[in-house]
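Listing of query_16.cif, mmCIF, C-alpha atoms
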```
data_structure
loop_
_atom_site.label_atom_id
_atom_site.label_comp_id
_atom_site.auth_asym_id
_atom_site.auth_seq_id
_atom_site.Cartn_x
_atom_site.Cartn_y
_atom_site.Cartn_z
CA MET Z 1 -33.12 -82.90 -46.98
CA GLN Z 2 -35.66 -85.02 -45.15
CA LYS Z 3 -34.09 -88.19 -46.54
CA ARG Z 4 -30.61 -87.32 -45.22
CA PRO Z 5 -30.98 -88.98 -41.76
CA LEU Z 6 -32.17 -92.17 -43.40
CA LEU Z 7 -29.18 -92.14 -45.71
CA ILE Z 8 -26.83 -91.63 -42.79
CA VAL Z 9 -28.41 -94.52 -40.89
CA ALA Z 10 -28.19 -96.71 -43.98
CA ALA Z 11 -24.53 -95.78 -44.48
CA PHE Z 12 -23.86 -96.60 -40.83
CA PHE Z 13 -25.21 -100.11 -41.18
CA ILE Z 14 -23.46 -100.67 -44.48
CA ASN Z 15 -20.15 -99.56 -43.02
CA THR Z 16 -20.47 -101.65 -39.88
CA LYS Z 17 -21.26 -104.90 -41.61
CA LYS Z 18 -17.75 -105.47 -42.90
CA MET Z 19 -14.30 -104.08 -42.21
CA LYS Z 20 -13.57 -101.60 -44.94
CA PRO Z 21 -10.57 -102.46 -47.07
CA ILE Z 22 -7.85 -99.82 -47.29
CA LYS Z 23 -7.71 -98.12 -50.68
CA ASN Z 24 -4.78 -95.77 -49.99
CA SER Z 25 -2.61 -94.88 -47.04
CA TYR Z 26 -0.10 -92.16 -46.27
CA LEU Z 27 2.21 -91.92 -43.26
CA ILE Z 28 2.47 -88.41 -41.84
CA GLU Z 29 4.21 -87.05 -38.79
CA VAL Z 30 3.98 -84.16 -36.38
CA ASN Z 31 7.21 -83.18 -34.69
CA LEU Z 32 6.99 -82.00 -31.11
CA GLY Z 33 9.73 -79.43 -31.68
CA SER Z 34 13.00 -78.58 -29.99
CA SER Z 35 11.14 -78.30 -26.70
CA VAL Z 36 7.94 -80.18 -26.02
CA ALA Z 37 4.92 -77.91 -26.21
CA GLY Z 38 3.15 -77.38 -22.92
CA ALA Z 39 -0.07 -79.06 -21.88
CA GLY Z 40 -3.02 -77.70 -23.83
CA SER Z 41 -0.98 -76.81 -26.91
CA ASN Z 42 -2.27 -77.60 -30.38
CA LEU Z 43 0.19 -78.78 -33.05
CA THR Z 44 -1.15 -78.50 -36.59
CA PHE Z 45 -0.19 -80.75 -39.46
CA GLN Z 46 1.96 -79.54 -42.29
CA ASP Z 47 0.67 -79.60 -45.84
CA TYR Z 48 0.95 -82.90 -47.67
CA PRO Z 49 -0.03 -82.36 -51.33
CA GLN Z 50 -1.05 -85.99 -51.68
CA LEU Z 51 -3.61 -85.53 -48.92
CA ARG Z 52 -5.44 -82.54 -50.38
CA ASN Z 53 -9.10 -83.15 -51.25
CA ILE Z 54 -9.08 -86.69 -49.92
CA PHE Z 55 -11.79 -88.48 -48.01
CA VAL Z 56 -10.40 -89.96 -44.83
CA THR Z 57 -11.69 -93.47 -44.10
CA GLY Z 58 -9.56 -94.43 -41.12
CA ILE Z 59 -6.58 -93.43 -39.03
CA GLU Z 60 -3.87 -95.11 -37.02
CA VAL Z 61 -1.69 -93.24 -34.55
CA LEU Z 62 1.56 -95.10 -34.01
CA ASP Z 63 4.10 -95.07 -31.22
CA ALA Z 64 7.68 -96.31 -31.02
CA SER Z 65 6.68 -99.92 -30.49
CA THR Z 66 5.22 -99.99 -34.01
CA CYS Z 67 7.59 -97.63 -35.81
CA ALA Z 68 10.70 -96.62 -33.89
CA VAL Z 69 12.00 -93.95 -36.25
CA SER Z 70 10.01 -91.72 -38.58
CA PRO Z 71 10.82 -91.48 -42.31
CA SER Z 72 12.51 -88.14 -41.61
CA GLY Z 73 14.78 -89.79 -39.05
CA LYS Z 74 13.09 -88.51 -35.89
CA ALA Z 75 12.49 -90.73 -32.88
CA VAL Z 76 8.83 -91.61 -32.45
CA VAL Z 77 6.99 -90.94 -29.20
CA THR Z 78 6.78 -93.81 -26.76
CA ALA Z 79 3.56 -92.70 -25.08
CA LEU Z 80 0.30 -91.59 -26.68
CA SER Z 81 -1.78 -91.31 -23.53
CA GLY Z 82 -1.40 -87.52 -23.30
CA ILE Z 83 -2.30 -86.77 -26.92
CA THR Z 84 -5.65 -86.23 -28.62
CA LEU Z 85 -6.53 -85.75 -32.28
CA THR Z 86 -8.92 -83.25 -33.85
CA LEU Z 87 -9.81 -83.51 -37.54
CA ILE Z 88 -11.42 -80.68 -39.49
CA ASP Z 89 -13.35 -81.23 -42.70
CA LYS Z 90 -13.38 -78.93 -45.74
CA PHE Z 91 -16.38 -77.08 -44.30
CA ASN Z 92 -14.29 -76.20 -41.22
CA GLN Z 93 -16.37 -78.52 -39.07
CA GLU Z 94 -14.71 -80.56 -36.34
CA GLN Z 95 -15.60 -84.05 -37.44
CA ILE Z 96 -13.32 -85.77 -34.94
CA LYS Z 97 -12.78 -83.73 -31.81
CA GLN Z 98 -10.23 -84.48 -29.10
CA TYR Z 99 -10.15 -88.18 -29.94
CA PRO Z 100 -7.67 -90.00 -27.66
CA ALA Z 101 -4.64 -90.95 -29.74
CA VAL Z 102 -4.01 -94.10 -27.75
CA ASP Z 103 -7.38 -95.43 -28.93
CA LEU Z 104 -6.15 -95.12 -32.52
CA ASN Z 105 -3.10 -97.31 -31.90
CA PRO Z 106 -3.97 -100.75 -33.28
CA GLU Z 107 -1.31 -102.47 -31.22
CA VAL Z 108 -3.22 -101.82 -28.02
CA ARG Z 109 -6.61 -102.35 -29.64
CA SER Z 110 -6.24 -106.03 -30.51
CA GLY Z 111 -4.76 -105.17 -33.88
CA PHE Z 112 -7.82 -103.33 -35.22
CA TYR Z 113 -7.77 -99.92 -36.79
CA ARG Z 114 -10.57 -97.43 -36.44
CA ASP Z 115 -12.45 -96.68 -39.62
CA PHE Z 116 -14.70 -93.66 -40.02
CA VAL Z 117 -17.64 -92.78 -42.20
CA PRO Z 118 -15.66 -90.95 -44.92
CA PHE Z 119 -15.43 -87.18 -44.83
CA GLN Z 120 -13.32 -84.70 -46.79
CA LEU Z 121 -10.32 -83.89 -44.63
CA GLN Z 122 -8.71 -80.48 -44.33
CA LEU Z 123 -5.38 -81.60 -42.96
CA THR Z 124 -3.70 -78.24 -42.55
CA LYS Z 125 -6.39 -77.12 -40.10
CA SER Z 126 -6.42 -80.41 -38.20
CA PHE Z 127 -4.21 -80.78 -35.17
CA ILE Z 128 -3.11 -82.85 -32.23
CA THR Z 129 -3.43 -81.55 -28.70
CA ILE Z 130 -0.87 -82.18 -25.98
CA LEU Z 131 -2.83 -82.84 -22.81
CA SER Z 132 0.13 -84.11 -20.84
CA THR Z 133 3.84 -84.00 -21.58
CA THR Z 134 4.52 -87.10 -19.50
CA GLY Z 135 6.58 -89.52 -21.54
CA LEU Z 136 7.18 -87.04 -24.36
CA SER Z 137 10.61 -85.70 -25.26
CA ALA Z 138 11.93 -82.95 -27.47
CA ASN Z 139 12.32 -83.67 -31.19
CA GLN Z 140 10.11 -86.74 -31.02
CA SER Z 141 7.43 -87.21 -33.66
CA VAL Z 142 3.89 -88.51 -33.59
CA LEU Z 143 3.17 -90.77 -36.56
CA LEU Z 144 -0.26 -91.00 -38.15
CA ASN Z 145 -1.17 -93.46 -40.85
CA ILE Z 146 -4.02 -91.92 -42.84
CA PHE Z 147 -6.33 -94.26 -44.75
CA TYR Z 148 -8.21 -92.47 -47.49
CA VAL Z 149 -9.89 -92.53 -50.85
CA THR Z 150 -9.20 -89.94 -53.51
CA GLU Z 151 -11.84 -87.59 -54.84
CA ALA Z 152 -12.15 -89.70 -58.00
CA GLN Z 153 -12.56 -92.88 -55.96
CA ALA Z 154 -15.14 -91.15 -53.78
CA LYS Z 155 -17.15 -90.12 -56.84
CA ALA Z 156 -16.96 -93.62 -58.22
CA ASN Z 157 -18.28 -94.97 -54.91
CA LYS Z 158 -20.88 -92.16 -54.67
CA LEU Z 159 -19.49 -90.83 -51.42
CA GLN Z 160 -19.98 -87.28 -52.67
CA MET Y 1 -17.60 -105.35 -37.78
CA GLU Y 2 -14.26 -106.66 -36.63
CA ASN Y 3 -15.36 -110.30 -36.62
CA LEU Y 4 -16.50 -110.20 -40.22
CA GLY Y 5 -13.30 -108.76 -41.62
CA ASN Y 6 -12.63 -107.74 -45.17
CA ASN Y 7 -15.58 -107.75 -47.52
CA LEU Y 8 -13.36 -109.03 -50.30
CA GLU Y 9 -12.34 -112.67 -50.32
CA CYS Y 10 -8.95 -113.83 -51.42
CA VAL Y 11 -8.58 -116.81 -53.72
CA LYS Y 12 -4.80 -117.06 -53.85
CA ALA Y 13 -1.83 -116.20 -51.69
CA LEU Y 14 1.79 -115.68 -52.65
CA ARG Y 15 4.88 -115.01 -50.60
CA VAL Y 16 7.46 -112.57 -51.87
CA ASN Y 17 10.87 -112.11 -50.28
CA VAL Y 18 12.88 -108.89 -50.37
CA GLN Y 19 16.59 -109.10 -49.62
CA LEU Y 20 17.28 -105.99 -47.54
CA TYR Y 21 21.05 -105.92 -47.80
CA GLU Y 22 23.85 -108.39 -48.27
CA ASN Y 23 26.85 -106.77 -46.66
CA ILE Y 24 27.02 -105.23 -43.23
CA GLY Y 25 27.32 -101.46 -43.39
CA TYR Y 26 27.01 -101.40 -47.14
CA ASN Y 27 24.02 -100.01 -49.02
CA ASN Y 28 22.00 -99.82 -45.87
CA LYS Y 29 21.55 -96.14 -45.24
CA PRO Y 30 18.23 -94.87 -43.89
CA ASN Y 31 15.53 -94.52 -46.55
CA PHE Y 32 17.46 -96.71 -48.98
CA ARG Y 33 15.00 -98.56 -51.19
CA TYR Y 34 14.96 -102.32 -51.51
CA TYR Y 35 12.72 -103.16 -54.44
CA PHE Y 36 10.54 -106.23 -54.68
CA PRO Y 37 11.68 -108.83 -57.18
CA GLU Y 38 9.78 -109.28 -60.42
CA THR Y 39 6.68 -111.27 -59.58
CA PRO Y 40 4.48 -111.37 -62.66
CA GLN Y 41 1.87 -113.50 -60.88
CA LEU Y 42 0.94 -110.42 -58.85
CA ASP Y 43 1.03 -107.69 -61.48
CA GLY Y 44 -2.43 -106.30 -62.10
CA LYS Y 45 -4.01 -108.50 -59.45
CA THR Y 46 -6.36 -107.04 -56.86
CA ILE Y 47 -4.68 -107.24 -53.47
CA VAL Y 48 -7.13 -107.83 -50.62
CA GLY Y 49 -4.63 -108.45 -47.82
CA ILE Y 50 -0.94 -108.14 -47.01
CA LYS Y 51 0.90 -109.77 -44.16
CA PHE Y 52 4.46 -109.08 -43.12
CA ASN Y 53 5.93 -112.35 -41.85
CA ALA Y 54 8.06 -111.02 -39.05
CA GLY Y 55 7.38 -113.75 -36.56
CA ALA Y 56 8.61 -117.28 -36.27
CA PRO Y 57 7.24 -119.71 -38.88
CA ILE Y 58 4.99 -121.32 -36.27
CA ALA Y 59 3.24 -118.00 -35.79
CA GLU Y 60 2.65 -117.75 -39.51
CA THR Y 61 1.21 -121.26 -39.49
CA ILE Y 62 -1.28 -120.23 -36.84
CA VAL Y 63 -2.36 -117.26 -38.87
CA VAL Y 64 -2.67 -119.19 -42.11
CA TYR Y 65 -4.61 -122.11 -40.70
CA GLY Y 66 -6.52 -120.28 -38.02
CA ARG Y 67 -9.55 -118.11 -38.46
CA SER Y 68 -8.75 -115.37 -40.86
CA VAL Y 69 -10.29 -112.20 -42.17
CA ILE Y 70 -9.97 -113.63 -45.62
CA ASP Y 71 -11.75 -116.59 -47.06
CA LEU Y 72 -10.01 -119.56 -45.50
CA PRO Y 73 -11.23 -122.47 -47.67
CA ASN Y 74 -10.07 -120.74 -50.80
CA LEU Y 75 -6.71 -120.00 -49.22
CA ILE Y 76 -6.14 -123.66 -48.38
CA LEU Y 77 -7.22 -124.59 -51.89
CA SER Y 78 -4.69 -122.15 -53.23
CA GLU Y 79 -1.90 -123.60 -51.16
CA ASN Y 80 -2.62 -127.27 -51.68
CA SER Y 81 -3.97 -127.44 -55.18
CA GLN Y 82 -2.14 -124.68 -56.91
CA GLY Y 83 1.03 -124.53 -54.87
CA LEU Y 84 1.26 -120.80 -54.85
CA LEU Y 85 2.25 -120.45 -51.23
CA GLN Y 86 6.03 -120.57 -51.15
CA GLU Y 87 8.13 -122.14 -48.46
CA PRO Y 88 8.89 -119.86 -45.52
CA ALA Y 89 12.13 -117.99 -45.87
CA GLY Y 90 13.10 -119.18 -42.43
CA THR Y 91 14.43 -115.81 -41.44
CA ASP Y 92 12.93 -114.69 -38.17
CA LEU Y 93 13.41 -110.97 -37.95
CA MET Y 94 11.99 -110.87 -34.45
CA SER Y 95 14.35 -113.46 -32.95
CA GLY Y 96 16.55 -112.39 -30.11
CA GLY Y 97 14.32 -109.47 -29.32
CA ILE Y 98 15.58 -107.47 -32.29
CA ASP Y 99 12.45 -105.84 -33.54
CA ILE Y 100 13.75 -104.97 -36.98
CA ASP Y 101 10.26 -104.63 -38.34
CA LYS Y 102 9.86 -101.42 -36.34
CA TYR Y 103 12.38 -99.81 -38.69
CA LEU Y 104 10.87 -101.05 -41.95
CA LEU Y 105 8.34 -99.31 -44.15
CA VAL Y 106 6.77 -100.60 -47.33
CA THR Y 107 5.56 -98.51 -50.26
CA ILE Y 108 3.13 -100.04 -52.74
CA TYR Y 109 2.21 -98.80 -56.22
CA ASN Y 110 -0.88 -99.63 -58.22
CA GLU Y 111 -1.06 -100.51 -61.90
CA LYS Y 112 -1.34 -96.80 -62.77
CA ASN Y 113 2.01 -96.12 -61.07
CA GLU Y 114 0.26 -94.30 -58.23
CA GLN Y 115 1.41 -94.71 -54.65
CA VAL Y 116 -1.40 -96.45 -52.82
CA LEU Y 117 0.49 -97.25 -49.64
CA ALA Y 118 3.10 -94.64 -48.81
CA ASN Y 119 5.56 -95.61 -46.08
CA TYR Y 120 3.27 -98.18 -44.51
CA PRO Y 121 4.87 -99.52 -41.29
CA CYS Y 122 5.71 -103.21 -41.69
CA HIS Y 123 5.05 -103.87 -38.01
CA ASP Y 124 1.43 -102.93 -38.57
CA LEU Y 125 1.20 -105.62 -41.25
CA ALA Y 126 2.64 -108.28 -38.96
CA GLY Y 127 -0.49 -108.91 -36.91
CA TYR Y 128 1.09 -108.21 -33.55
CA TYR Y 129 -0.69 -106.63 -30.65
CA LYS Y 130 -0.26 -106.34 -26.91
CA ASP Y 131 -2.19 -108.56 -24.55
CA ASP Y 132 -3.63 -107.45 -21.21
CA LEU Y 133 -0.21 -107.75 -19.59
CA GLY Y 134 1.51 -105.67 -22.23
CA PHE Y 135 3.30 -108.55 -23.95
CA LEU Y 136 3.55 -108.43 -27.71
CA ILE Y 137 1.79 -111.43 -29.20
CA VAL Y 138 0.68 -112.66 -32.60
CA ASP Y 139 -3.03 -112.64 -33.13
CA THR Y 140 -4.20 -116.19 -33.65
CA LEU Y 141 -7.41 -114.86 -35.15
CA GLY Y 142 -5.42 -113.53 -38.05
CA LYS Y 143 -5.99 -109.82 -38.34
CA ILE Y 144 -4.57 -109.38 -41.78
CA ARG Y 145 -4.89 -105.80 -42.95
CA PRO Y 146 -7.62 -105.57 -45.60
CA PHE Y 147 -6.76 -103.74 -48.82
CA ASP Y 148 -8.33 -103.17 -52.19
CA PHE Y 149 -6.10 -102.10 -55.08
CA LYS Y 150 -4.35 -103.51 -58.10
CA ILE Y 151 -0.61 -103.82 -57.64
CA LYS Y 152 2.43 -103.21 -59.80
CA ILE Y 153 5.00 -105.14 -57.87
CA ARG Y 154 8.11 -103.96 -59.73
CA ASN Y 155 7.60 -100.40 -58.44
CA CYS Y 156 7.08 -101.43 -54.82
CA PHE Y 157 9.88 -101.24 -52.31
CA VAL Y 158 10.84 -101.67 -48.68
CA SER Y 159 12.79 -98.93 -46.94
CA SER Y 160 14.38 -98.73 -43.52
CA THR Y 161 14.27 -95.67 -41.32
CA SER Y 162 17.52 -96.58 -39.62
CA ASP Y 163 20.70 -98.51 -40.34
CA ILE Y 164 19.39 -101.91 -39.35
CA SER Y 165 22.72 -103.56 -40.15
CA LEU Y 166 23.77 -102.23 -36.74
CA LEU Y 167 21.04 -104.32 -35.14
CA THR Y 168 21.63 -107.70 -36.68
CA ALA Y 169 24.62 -109.62 -37.93
CA LEU Y 170 22.56 -111.52 -40.46
CA PRO Y 171 21.38 -110.02 -43.74
CA PRO Y 172 17.63 -110.06 -43.22
CA ILE Y 173 14.96 -111.02 -45.69
CA ALA Y 174 11.66 -109.20 -45.53
CA CYS Y 175 8.95 -111.72 -46.31
CA PHE Y 176 5.48 -110.60 -47.33
CA THR Y 177 2.40 -112.67 -48.05
CA PHE Y 178 0.08 -111.12 -50.61
CA TYR Y 179 -3.53 -112.30 -50.62
CA TYR Y 180 -5.18 -111.55 -53.93
CA ILE Y 181 -8.00 -112.25 -56.31
#
```
So, in terms of structure tokens, how does the structure I just supplied come out?
Amino acid sequence: MQKRPLLIVAAFFINTKKMKPIKNSYLIEVNLGSSVAGAGSNLTFQDYPQLRNIFVTGIEVLDASTCAVSPSGKAVVTALSGITLTLIDKFNQEQIKQYPAVDLNPEVRSGFYRDFVPFQLQLTKSFITILSTTGLSANQSVLLNIFYVTEAQAKANKLQ
Amino acid sequence: MENLGNNLECVKALRVNVQLYENIGYNNKPNFRYYFPETPQLDGKTIVGIKFNAGAPIAETIVVYGRSVIDLPNLILSENSQGLLQEPAGTDLMSGGIDIDKYLLVTIYNEKNEQVLANYPCHDLAGYYKDDLGFLIVDTLGKIRPFDFKIKIRNCFVSSTSDISLLTALPPIACFTFYYI
């Protein structure tokens, strides 16, 4: 246990030396519903079987300027400034808490995506929070592009 | 981190064109799949970068010959010595302010027939971002998305989330550049 901080520091430097290549990605969406939820509301993600037991390595949150219509045919939100993202790991810990969604949009971040030190995501307990409904409309969707490695890939790379 | 880019270097690059549809209003329903053509050069190769060539050819030239997240000398060697970089398709999907790439998604399979990229937005592969004034520009530093997987090109496809034949009178060609080792 005493070596754990050293390992974390080492992993930090390893991960910041190079941009991590994307092993897998999956586009998911959260629909705002027939009426936009009020400020302070949490909208959880639905279950995506492909994203069970995965280690998330990075996330993009996309607006209509990147993807105008979601795969399910819903219009995509035009503003991300009133939305935050909270990600829960399999130990029910909030690994990413109230992260501003606009900061995860690569189009306004010079084309870069944010990559994280991998952790095992529990998607069905993760959620977005509506801080402000300004610019949001009913039936719009928020798109998230999840970058991940599978459990087998994580074991091969000794992430577990 | 951002300046160093992908930790895998490409040695070759290959452009692959996907014809999205040929007749207006025909076979162009949302989520219709347009498969990549057979490209045996790519099968089983490790893909380290993908670029969607949505911009004008001049923009692509800037990206190819500018600083890049991939290994530039090897890329030039690939183009000049081995001739693997095809001629541009010449179809500018972004011309006239019709941002067709916002309606296109690409799905990529690996050699084990597993989806590695599921509904990846093509716009995100195009290297565009907004400058301080909010204008959409192409990054001259070449932010090509870094990947790491082996591809099975015959299973991969492009899909549209909307009927893009309503947006353009010309049958568009989706042009991708695959950087691989």
Point-to-point distance from atom CA of Z:Ala64 to atom CA of Y:Lys102, Å rounded to tenths: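 For atom CA of Z:Ala64 relative to atom CA of Y:Lys102, the distance reads 7.7 Å.
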- request: Within 7 Å of stretch 33-41 of chain Y, counting only C-alpha atoms, which residues show up once you throw out same-chain ones fewer than 2 positions away? Write them as a ChimeraX atom specification, please.
  value: /Y:18,20,31,43,153-154,156-159
task: Just say which residues the PyMOL selection byres ((chain Z and resi 103) around 9) picks in this file, as a list in words.
output: Glu60, Val61, Leu80, Ser81, Tyr99, Pro100, Ala101, Val102, Leu104, Asn105, Pro106, Val108, Arg109 and Arg114 of chain Z
- prompt: atom CA of Z:Leu143 and atom CA of Y:Tyr103 are how many Å apart?
  reply: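 Between these atoms lies a distance of 13.1 Å.
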task: With a cut-off of 7 Å and counting all atoms listed in the file, select all residues of chain Z in contact with chain Y and give the selection as JSON, numbers by chain.
output: {"Z": [16, 17, 18, 19, 20, 21, 22, 23, 24, 25, 26, 27, 65, 66, 67, 68, 69, 70, 71, 73, 107, 108, 110, 111]}
query: Can you list, as a VMD selection string, every protein, DNA or RNA residue that comes within 12 Å of Z:Gln122 when you count all atoms listed in the file, leaving out same-chain residues fewer than 2 positions away?
result: chain Z and resid 44 to 56 86 to 96 119 to 120 124 to 127
query: In Å to one decimal, how far is atom CA of Y:Asn155 from atom CA of Z:Gln153?
result: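 It comes out at 21.7 Å.
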field: Residues selected by the PyMOL selection byres ((chain Z and resi 130) around 8), written as a list in words
entry: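 So the PyMOL selection byres ((chain Z and resi 130) around 8), applied here, picks out Ala37, Gly38, Ala39, Gly40, Ser41, Asn42, Leu43, Gly82, Ile83, Thr84, Ile128, Thr129, Leu131, Ser132 and Thr133 of chain Z.
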